[in-house]
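J.: My structure file data32.pdb, PDB, C-alpha atoms, pLDDT in the B column, is below:
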```pdb
ATOM      1  CA  MET A  58     200.598  -0.308 138.003  1.00 43.00           C
ATOM      2  CA  ALA A  59     202.731   2.353 136.301  1.00 49.00           C
ATOM      3  CA  ARG A  60     206.336   1.585 135.495  1.00 45.00           C
ATOM      4  CA  PRO A  61     208.907   3.460 137.579  1.00 44.00           C
ATOM      5  CA  ARG A  62     210.683   6.313 135.863  1.00 48.00           C
ATOM      6  CA  THR A  63     214.146   5.400 134.674  1.00 51.00           C
ATOM      7  CA  LEU A  64     215.325   9.007 134.415  1.00 59.00           C
ATOM      8  CA  ASP A  65     214.842  11.503 137.223  1.00 77.00           C
ATOM      9  CA  ASP A  66     213.524  14.972 136.448  1.00 86.00           C
ATOM     10  CA  SER A  67     216.798  16.828 137.057  1.00 89.00           C
ATOM     11  CA  ASP A  68     218.708  14.512 134.690  1.00 93.00           C
ATOM     12  CA  LEU A  69     215.971  14.820 132.092  1.00 94.00           C
ATOM     13  CA  ILE A  70     215.933  18.625 132.289  1.00 95.00           C
ATOM     14  CA  ALA A  71     219.755  18.709 132.023  1.00 94.00           C
ATOM     15  CA  LYS A  72     219.673  16.564 128.882  1.00 95.00           C
ATOM     16  CA  LEU A  73     216.921  18.634 127.280  1.00 96.00           C
ATOM     17  CA  SER A  74     218.781  21.809 128.227  1.00 95.00           C
ATOM     18  CA  MET A  75     221.854  20.703 126.278  1.00 95.00           C
ATOM     19  CA  VAL A  76     219.755  20.141 123.149  1.00 96.00           C
ATOM     20  CA  PHE A  77     218.212  23.596 123.439  1.00 95.00           C
ATOM     21  CA  ARG A  78     221.649  25.132 124.091  1.00 94.00           C
ATOM     22  CA  ASP A  79     223.112  23.395 121.038  1.00 93.00           C
ATOM     23  CA  GLU A  80     220.200  23.682 118.618  1.00 94.00           C
ATOM     24  CA  GLY A  81     218.015  26.509 119.911  1.00 92.00           C
ATOM     25  CA  PHE A  82     214.262  26.261 120.255  1.00 92.00           C
ATOM     26  CA  GLU A  83     213.601  26.284 116.525  1.00 91.00           C
ATOM     27  CA  GLY A  84     216.346  23.797 115.688  1.00 93.00           C
ATOM     28  CA  ALA A  85     215.593  21.285 118.449  1.00 94.00           C
ATOM     29  CA  SER A  86     213.398  18.576 116.962  1.00 93.00           C
ATOM     30  CA  LEU A  87     211.299  16.251 119.067  1.00 93.00           C
ATOM     31  CA  SER A  88     213.463  13.419 117.771  1.00 93.00           C
ATOM     32  CA  ASP A  89     216.608  15.226 119.021  1.00 95.00           C
ATOM     33  CA  LEU A  90     215.015  15.846 122.401  1.00 96.00           C
ATOM     34  CA  ALA A  91     213.780  12.266 122.756  1.00 95.00           C
ATOM     35  CA  GLN A  92     217.140  10.841 121.726  1.00 94.00           C
ATOM     36  CA  ALA A  93     219.029  13.041 124.197  1.00 94.00           C
ATOM     37  CA  ALA A  94     216.616  12.027 126.953  1.00 93.00           C
ATOM     38  CA  GLY A  95     216.893   8.354 126.027  1.00 92.00           C
ATOM     39  CA  LEU A  96     213.116   8.168 125.726  1.00 91.00           C
ATOM     40  CA  LYS A  97     210.692   7.397 122.958  1.00 92.00           C
ATOM     41  CA  ARG A  98     208.726  10.362 121.666  1.00 91.00           C
ATOM     42  CA  ALA A  99     205.549   8.970 123.231  1.00 91.00           C
ATOM     43  CA  SER A 100     207.254   8.789 126.632  1.00 90.00           C
ATOM     44  CA  LEU A 101     208.529  12.325 126.222  1.00 91.00           C
ATOM     45  CA  TYR A 102     205.006  13.544 125.420  1.00 89.00           C
ATOM     46  CA  HIS A 103     203.730  11.647 128.449  1.00 91.00           C
ATOM     47  CA  ARG A 104     206.164  13.605 130.654  1.00 93.00           C
ATOM     48  CA  PHE A 105     205.559  16.864 128.766  1.00 94.00           C
ATOM     49  CA  PRO A 106     201.994  16.930 127.390  1.00 94.00           C
ATOM     50  CA  GLY A 107     202.581  20.531 126.262  1.00 93.00           C
ATOM     51  CA  GLY A 108     205.282  19.328 123.872  1.00 92.00           C
ATOM     52  CA  LYS A 109     208.430  21.215 123.036  1.00 93.00           C
ATOM     53  CA  GLU A 110     207.021  24.485 124.412  1.00 92.00           C
ATOM     54  CA  GLN A 111     206.540  22.911 127.848  1.00 94.00           C
ATOM     55  CA  MET A 112     209.996  21.352 127.711  1.00 95.00           C
ATOM     56  CA  ALA A 113     211.525  24.751 126.950  1.00 94.00           C
ATOM     57  CA  GLN A 114     209.560  26.383 129.776  1.00 94.00           C
ATOM     58  CA  GLU A 115     210.695  23.779 132.297  1.00 95.00           C
ATOM     59  CA  VAL A 116     214.309  23.920 131.126  1.00 96.00           C
ATOM     60  CA  LEU A 117     214.242  27.719 131.425  1.00 95.00           C
ATOM     61  CA  ALA A 118     212.545  27.671 134.844  1.00 95.00           C
ATOM     62  CA  ASN A 119     215.157  25.229 136.114  1.00 94.00           C
ATOM     63  CA  ALA A 120     218.022  27.354 134.754  1.00 94.00           C
ATOM     64  CA  LEU A 121     216.571  30.551 136.210  1.00 95.00           C
ATOM     65  CA  GLU A 122     216.134  28.948 139.620  1.00 95.00           C
ATOM     66  CA  TRP A 123     219.741  27.748 139.570  1.00 94.00           C
ATOM     67  CA  PHE A 124     220.944  31.125 138.280  1.00 92.00           C
ATOM     68  CA  GLY A 125     219.064  32.978 140.987  1.00 95.00           C
ATOM     69  CA  ALA A 126     220.587  30.895 143.742  1.00 95.00           C
ATOM     70  CA  ASN A 127     224.105  30.540 142.376  1.00 96.00           C
ATOM     71  CA  VAL A 128     224.802  33.763 140.500  1.00 96.00           C
ATOM     72  CA  VAL A 129     222.366  36.504 141.506  1.00 96.00           C
ATOM     73  CA  GLY A 130     222.425  35.258 145.099  1.00 96.00           C
ATOM     74  CA  LYS A 131     226.208  35.681 145.168  1.00 97.00           C
ATOM     75  CA  LEU A 132     225.991  39.166 143.649  1.00 97.00           C
ATOM     76  CA  GLN A 133     223.523  40.277 146.312  1.00 95.00           C
ATOM     77  CA  GLY A 134     225.077  38.321 149.205  1.00 94.00           C
ATOM     78  CA  ASP A 135     227.603  39.234 151.862  1.00 95.00           C
ATOM     79  CA  GLY A 136     231.179  40.372 151.390  1.00 96.00           C
ATOM     80  CA  THR A 137     232.932  43.087 149.453  1.00 96.00           C
ATOM     81  CA  PRO A 138     231.624  43.955 145.994  1.00 97.00           C
ATOM     82  CA  GLN A 139     234.831  42.569 144.468  1.00 96.00           C
ATOM     83  CA  ASP A 140     234.582  39.263 146.353  1.00 97.00           C
ATOM     84  CA  ARG A 141     230.898  38.849 145.480  1.00 98.00           C
ATOM     85  CA  LEU A 142     231.528  39.671 141.831  1.00 97.00           C
ATOM     86  CA  ASN A 143     234.491  37.289 141.649  1.00 96.00           C
ATOM     87  CA  ALA A 144     232.389  34.476 143.146  1.00 97.00           C
ATOM     88  CA  ALA A 145     229.558  35.119 140.676  1.00 97.00           C
ATOM     89  CA  LEU A 146     231.918  35.306 137.678  1.00 97.00           C
ATOM     90  CA  THR A 147     233.573  32.042 138.717  1.00 96.00           C
ATOM     91  CA  THR A 148     230.137  30.414 138.807  1.00 96.00           C
ATOM     92  CA  LEU A 149     229.248  31.936 135.420  1.00 95.00           C
ATOM     93  CA  ALA A 150     232.468  30.534 133.959  1.00 95.00           C
ATOM     94  CA  GLU A 151     231.501  27.081 135.234  1.00 94.00           C
ATOM     95  CA  PHE A 152     227.907  27.419 134.004  1.00 92.00           C
ATOM     96  CA  TYR A 153     229.046  28.362 130.495  1.00 94.00           C
ATOM     97  CA  ALA A 154     232.018  25.948 130.495  1.00 94.00           C
ATOM     98  CA  ASN A 155     234.361  28.933 130.104  1.00 95.00           C
ATOM     99  CA  GLY A 156     232.535  30.103 126.994  1.00 94.00           C
ATOM    100  CA  LYS A 157     232.018  26.724 125.305  1.00 94.00           C
ATOM    101  CA  LEU A 158     228.269  26.586 125.996  1.00 92.00           C
ATOM    102  CA  ALA A 159     225.713  28.887 124.429  1.00 91.00           C
ATOM    103  CA  CYS A 160     223.430  31.170 126.393  1.00 90.00           C
ATOM    104  CA  LEU A 161     220.132  29.418 127.011  1.00 89.00           C
ATOM    105  CA  LEU A 162     218.281  32.753 127.107  1.00 89.00           C
ATOM    106  CA  ASN A 163     219.494  33.495 123.590  1.00 89.00           C
ATOM    107  CA  MET A 164     218.824  30.017 122.256  1.00 91.00           C
ATOM    108  CA  LEU A 165     215.236  30.002 123.560  1.00 90.00           C
ATOM    109  CA  SER A 166     214.430  33.498 122.258  1.00 88.00           C
ATOM    110  CA  ALA A 167     212.199  33.750 119.216  1.00 82.00           C
ATOM    111  CA  PRO A 168     214.337  34.986 116.310  1.00 76.00           C
ATOM    112  CA  ASP A 169     211.485  36.686 114.508  1.00 73.00           C
ATOM    113  CA  GLY A 170     209.878  38.525 117.419  1.00 70.00           C
ATOM    114  CA  THR A 171     206.937  36.151 117.728  1.00 75.00           C
ATOM    115  CA  LEU A 172     205.592  35.578 121.200  1.00 77.00           C
ATOM    116  CA  ARG A 173     206.605  32.443 123.007  1.00 80.00           C
ATOM    117  CA  ALA A 174     205.750  31.111 126.461  1.00 82.00           C
ATOM    118  CA  THR A 175     209.401  31.490 127.513  1.00 88.00           C
ATOM    119  CA  ASP A 176     209.461  35.250 126.851  1.00 90.00           C
ATOM    120  CA  ALA A 177     208.562  36.284 130.409  1.00 90.00           C
ATOM    121  CA  GLY A 178     211.210  33.983 131.866  1.00 92.00           C
ATOM    122  CA  ILE A 179     213.848  35.286 129.476  1.00 92.00           C
ATOM    123  CA  ARG A 180     213.030  38.869 130.454  1.00 92.00           C
ATOM    124  CA  ALA A 181     213.123  37.885 134.136  1.00 94.00           C
ATOM    125  CA  GLY A 182     216.548  36.281 133.689  1.00 94.00           C
ATOM    126  CA  PHE A 183     218.061  39.342 132.043  1.00 95.00           C
ATOM    127  CA  THR A 184     216.434  41.630 134.616  1.00 96.00           C
ATOM    128  CA  ALA A 185     217.689  39.605 137.588  1.00 96.00           C
ATOM    129  CA  LEU A 186     221.250  39.551 136.272  1.00 97.00           C
ATOM    130  CA  THR A 187     221.137  43.277 135.475  1.00 98.00           C
ATOM    131  CA  ASP A 188     219.808  44.020 138.968  1.00 98.00           C
ATOM    132  CA  GLY A 189     222.510  41.841 140.541  1.00 97.00           C
ATOM    133  CA  PHE A 190     225.270  43.542 138.576  1.00 98.00           C
ATOM    134  CA  GLY A 191     223.722  46.923 139.453  1.00 98.00           C
ATOM    135  CA  THR A 192     223.887  46.043 143.142  1.00 97.00           C
ATOM    136  CA  ILE A 193     227.608  45.339 142.788  1.00 98.00           C
ATOM    137  CA  ALA A 194     228.243  48.649 141.016  1.00 97.00           C
ATOM    138  CA  GLU A 195     226.251  50.620 143.598  1.00 97.00           C
ATOM    139  CA  ASP A 196     227.976  48.863 146.472  1.00 97.00           C
ATOM    140  CA  ALA A 197     231.288  49.729 144.799  1.00 96.00           C
ATOM    141  CA  GLY A 198     230.321  53.407 145.098  1.00 95.00           C
ATOM    142  CA  MET A 199     228.587  54.266 141.832  1.00 96.00           C
ATOM    143  CA  ALA A 200     225.478  56.428 141.752  1.00 96.00           C
ATOM    144  CA  PRO A 201     222.325  54.372 141.063  1.00 97.00           C
ATOM    145  CA  GLU A 202     221.837  55.717 137.523  1.00 97.00           C
ATOM    146  CA  LEU A 203     225.435  55.016 136.542  1.00 96.00           C
ATOM    147  CA  ALA A 204     225.344  51.622 138.265  1.00 97.00           C
ATOM    148  CA  ARG A 205     222.282  50.676 136.198  1.00 97.00           C
ATOM    149  CA  LYS A 206     223.942  51.816 132.984  1.00 97.00           C
ATOM    150  CA  ARG A 207     227.082  49.842 133.786  1.00 97.00           C
ATOM    151  CA  ALA A 208     225.025  46.767 134.738  1.00 98.00           C
ATOM    152  CA  VAL A 209     223.260  46.811 131.355  1.00 98.00           C
ATOM    153  CA  ARG A 210     226.666  47.105 129.690  1.00 97.00           C
ATOM    154  CA  ALA A 211     227.988  44.129 131.696  1.00 97.00           C
ATOM    155  CA  VAL A 212     225.023  41.908 130.763  1.00 97.00           C
ATOM    156  CA  ALA A 213     225.408  42.854 127.102  1.00 96.00           C
ATOM    157  CA  LEU A 214     229.142  42.147 127.281  1.00 96.00           C
ATOM    158  CA  LEU A 215     228.554  38.734 128.843  1.00 96.00           C
ATOM    159  CA  HIS A 216     225.952  37.574 126.370  1.00 94.00           C
ATOM    160  CA  GLY A 217     227.691  39.121 123.392  1.00 95.00           C
ATOM    161  CA  SER A 218     230.867  37.265 124.329  1.00 96.00           C
ATOM    162  CA  LEU A 219     228.948  33.984 124.387  1.00 95.00           C
ATOM    163  CA  VAL A 220     227.593  34.615 120.893  1.00 93.00           C
ATOM    164  CA  MET A 221     231.049  35.608 119.680  1.00 94.00           C
ATOM    165  CA  SER A 222     232.708  32.585 121.299  1.00 95.00           C
ATOM    166  CA  ARG A 223     230.153  30.305 119.666  1.00 91.00           C
ATOM    167  CA  GLY A 224     230.566  31.991 116.286  1.00 92.00           C
ATOM    168  CA  LEU A 225     234.350  31.853 116.366  1.00 95.00           C
ATOM    169  CA  GLY A 226     234.592  28.429 117.953  1.00 94.00           C
ATOM    170  CA  GLU A 227     237.007  30.042 120.438  1.00 95.00           C
ATOM    171  CA  THR A 228     236.593  30.826 124.121  1.00 95.00           C
ATOM    172  CA  TYR A 229     238.876  33.853 124.442  1.00 95.00           C
ATOM    173  CA  PRO A 230     236.047  36.412 123.957  1.00 96.00           C
ATOM    174  CA  PHE A 231     234.298  34.986 127.013  1.00 96.00           C
ATOM    175  CA  ALA A 232     237.480  34.989 129.104  1.00 93.00           C
ATOM    176  CA  GLU A 233     238.202  38.588 128.124  1.00 95.00           C
ATOM    177  CA  CYS A 234     234.641  39.599 128.877  1.00 96.00           C
ATOM    178  CA  LEU A 235     234.912  38.459 132.492  1.00 94.00           C
ATOM    179  CA  GLU A 236     237.750  40.918 133.060  1.00 92.00           C
ATOM    180  CA  GLY A 237     235.777  43.578 131.197  1.00 95.00           C
ATOM    181  CA  ILE A 238     232.821  43.030 133.526  1.00 97.00           C
ATOM    182  CA  ARG A 239     235.078  43.575 136.548  1.00 95.00           C
ATOM    183  CA  GLU A 240     236.313  46.857 135.072  1.00 94.00           C
ATOM    184  CA  THR A 241     232.793  47.900 134.078  1.00 95.00           C
ATOM    185  CA  LEU A 242     231.229  47.292 137.490  1.00 97.00           C
ATOM    186  CA  LEU A 243     234.115  48.183 139.801  1.00 95.00           C
ATOM    187  CA  GLY A 244     235.825  50.921 137.754  1.00 87.00           C
ATOM    188  CA  ARG A 245     235.499  54.670 137.808  1.00 68.00           C
ATOM    189  CA  ALA A 246     233.133  56.750 135.722  1.00 54.00           C
ATOM    190  CA  THR A 247     234.457  57.670 132.280  1.00 55.00           C
ATOM    191  CA  GLU A 248     233.423  60.112 129.542  1.00 48.00           C
ATOM    192  CA  ALA A 249     231.472  57.263 127.916  1.00 53.00           C
ATOM    193  CA  ASP A 250     229.221  57.218 130.992  1.00 51.00           C
ATOM    194  CA  GLN A 251     228.065  60.793 130.372  1.00 50.00           C
TER     195      GLN A 251
END
```
When written as structure tokens, how does the structure in this file appear?
T.:
Amino acid sequence: MARPRTLDDSDLIAKLSMVFRDEGFEGASLSDLAQAAGLKRASLYHRFPGGKEQMAQEVLANALEWFGANVVGKLQGDGTPQDRLNAALTTLAEFYANGKLACLLNMLSAPDGTLRATDAGIRAGFTALTDGFGTIAEDAGMAPELARKRAVRAVALLHGSLVMSRGLGETYPFAECLEGIRETLLGRATEADQ
């Protein structure tokens, strides 16, 4: 008879996620992942026969599912564009611990352009967030083309602020970016939009 699992899947994925967020795909060793999970490497391989690649895929799938429900769902839900955006930005602030946690999409991306099994999920994550932000901008009265342009700018601002916060060891870039996203998606067209 098999021994019962001592760590449920959601706890395991959360622990692995933190290693990938801290170390990135390349930097996360199997020893780091096993230690964070509180499992021996053999037990980790038993749960993830595809190794680190499978762990990264499952961590990303879990994050994207959560993100879809808790961020993109709020952006595309009911209420005024401002209320929906505020709710989504509050959730983003919680998800990234107000800029203290790195972007999982960035940390799982291949730095040298090589193909990785997580690539499609990473693209899907950026696309879903861009589409959600675009919905807010359109609902705030922007033409679809301008809304799309502003949504791309907002996603770049968000993820750039996370990289900057991590690099500086300070969270103010992330906090400032949230206000910048509000202005970008709810503001008027400017000369820069031409």
J.: Just the residues within 12 Å of Glu83 (chain A), please, counting all atoms listed in the file, with nothing from its chain fewer than 5 positions along; format it as a ChimeraX atom specification.
T.: /A:76-78,89,109-110,113,163-169,171,173
J.: Take the residues from that selection and put them in a file with C-alpha atoms, as a PDB file, in the coordinates of the input.
T.:
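What landed in out-v6.pdb:
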```
ATOM      1  CA  VAL A  76     219.755  20.141 123.149  1.00 96.00           C
ATOM      2  CA  PHE A  77     218.212  23.596 123.439  1.00 95.00           C
ATOM      3  CA  ARG A  78     221.649  25.132 124.091  1.00 94.00           C
ATOM      4  CA  ASP A  89     216.608  15.226 119.021  1.00 95.00           C
ATOM      5  CA  LYS A 109     208.430  21.215 123.036  1.00 93.00           C
ATOM      6  CA  GLU A 110     207.021  24.485 124.412  1.00 92.00           C
ATOM      7  CA  ALA A 113     211.525  24.751 126.950  1.00 94.00           C
ATOM      8  CA  ASN A 163     219.494  33.495 123.590  1.00 89.00           C
ATOM      9  CA  MET A 164     218.824  30.017 122.256  1.00 91.00           C
ATOM     10  CA  LEU A 165     215.236  30.002 123.560  1.00 90.00           C
ATOM     11  CA  SER A 166     214.430  33.498 122.258  1.00 88.00           C
ATOM     12  CA  ALA A 167     212.199  33.750 119.216  1.00 82.00           C
ATOM     13  CA  PRO A 168     214.337  34.986 116.310  1.00 76.00           C
ATOM     14  CA  ASP A 169     211.485  36.686 114.508  1.00 73.00           C
ATOM     15  CA  THR A 171     206.937  36.151 117.728  1.00 75.00           C
ATOM     16  CA  ARG A 173     206.605  32.443 123.007  1.00 80.00           C
TER      17      ARG A 173
END
```
J.: Suppose a student applies the PyMOL selection byres ((chain A and resi 228) around 10) to this structure; what residues should they get, written as a list in words?
T.: Ala154, Asn155, Gly156, Lys157, Leu158, Ser218, Leu219, Met221, Ser222, Arg223, Gly224, Leu225, Gly226, Glu227, Tyr229, Pro230, Phe231, Ala232 and Glu233 of chain A
J.: What does the PyMOL selection byres ((chain A and resi 200-211) around 10) select in this file, as a VMD selection string?
T.: chain A and resid 183 to 184 186 to 199 212 to 217 234 to 235 237 to 244 246 250 to 251
J.: As an exercise, work out the distance from CA of Phe82 (chain A) to CA of Asn119 (chain A) in Å and give it to one decimal place.
T.: 15.9 Å
J.: Using Å and a single decimal, report how far CA of Ser100 (chain A) sits from CA of Glu115 (chain A).
T.: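 CA of Glu115 (chain A) sits 16.4 Å away from CA of Ser100 (chain A).
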J.: Using the file's own x, y and z axes, so that the box edges lie along x, y and z, what centre and edge lengths in Å (one decimal) does a box around every listed atom of region 148-163 of chain A get when 4 Å is added on each side? Give it as JSON.
T.:
```
{"center_x": 226.3, "center_y": 29.7, "center_z": 131.2, "size_x": 24.1, "size_y": 15.5, "size_z": 23.2}
```
J.: Just to confirm, what's the straight-line distance from CA of Val220 (chain A) to CA of Cys160 (chain A) in Å (one decimal)?
T.: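 For CA of Val220 (chain A) relative to CA of Cys160 (chain A), the distance reads 7.7 Å.
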J.: Using only C-alpha atoms, which residue out of A:Arg98, A:Phe124, A:Pro106, A:Asp66 lies closest to Gly182 (chain A)?
T.: A:Phe124
J.: The PyMOL selection byres ((chain A and resi 69) around 12) on the file shown: which residues, as an MDAnalysis selection string?
T.: chainID A and resid 62:68 70:76 90:96 100:101 104:105 112 115:116 119
J.: Kindly indicate which residue among A:Gly108, A:Gly136, A:Thr175, A:Ala144 lies nearest to Leu161 (chain A), using all atoms listed in the file for the distances.
T.: A:Thr175
J.: For Ala145 (chain A), which of A:Leu132, A:Ala177, A:Leu162, A:Glu80 is the closest residue, counting all atoms listed in the file?
T.: A:Leu132
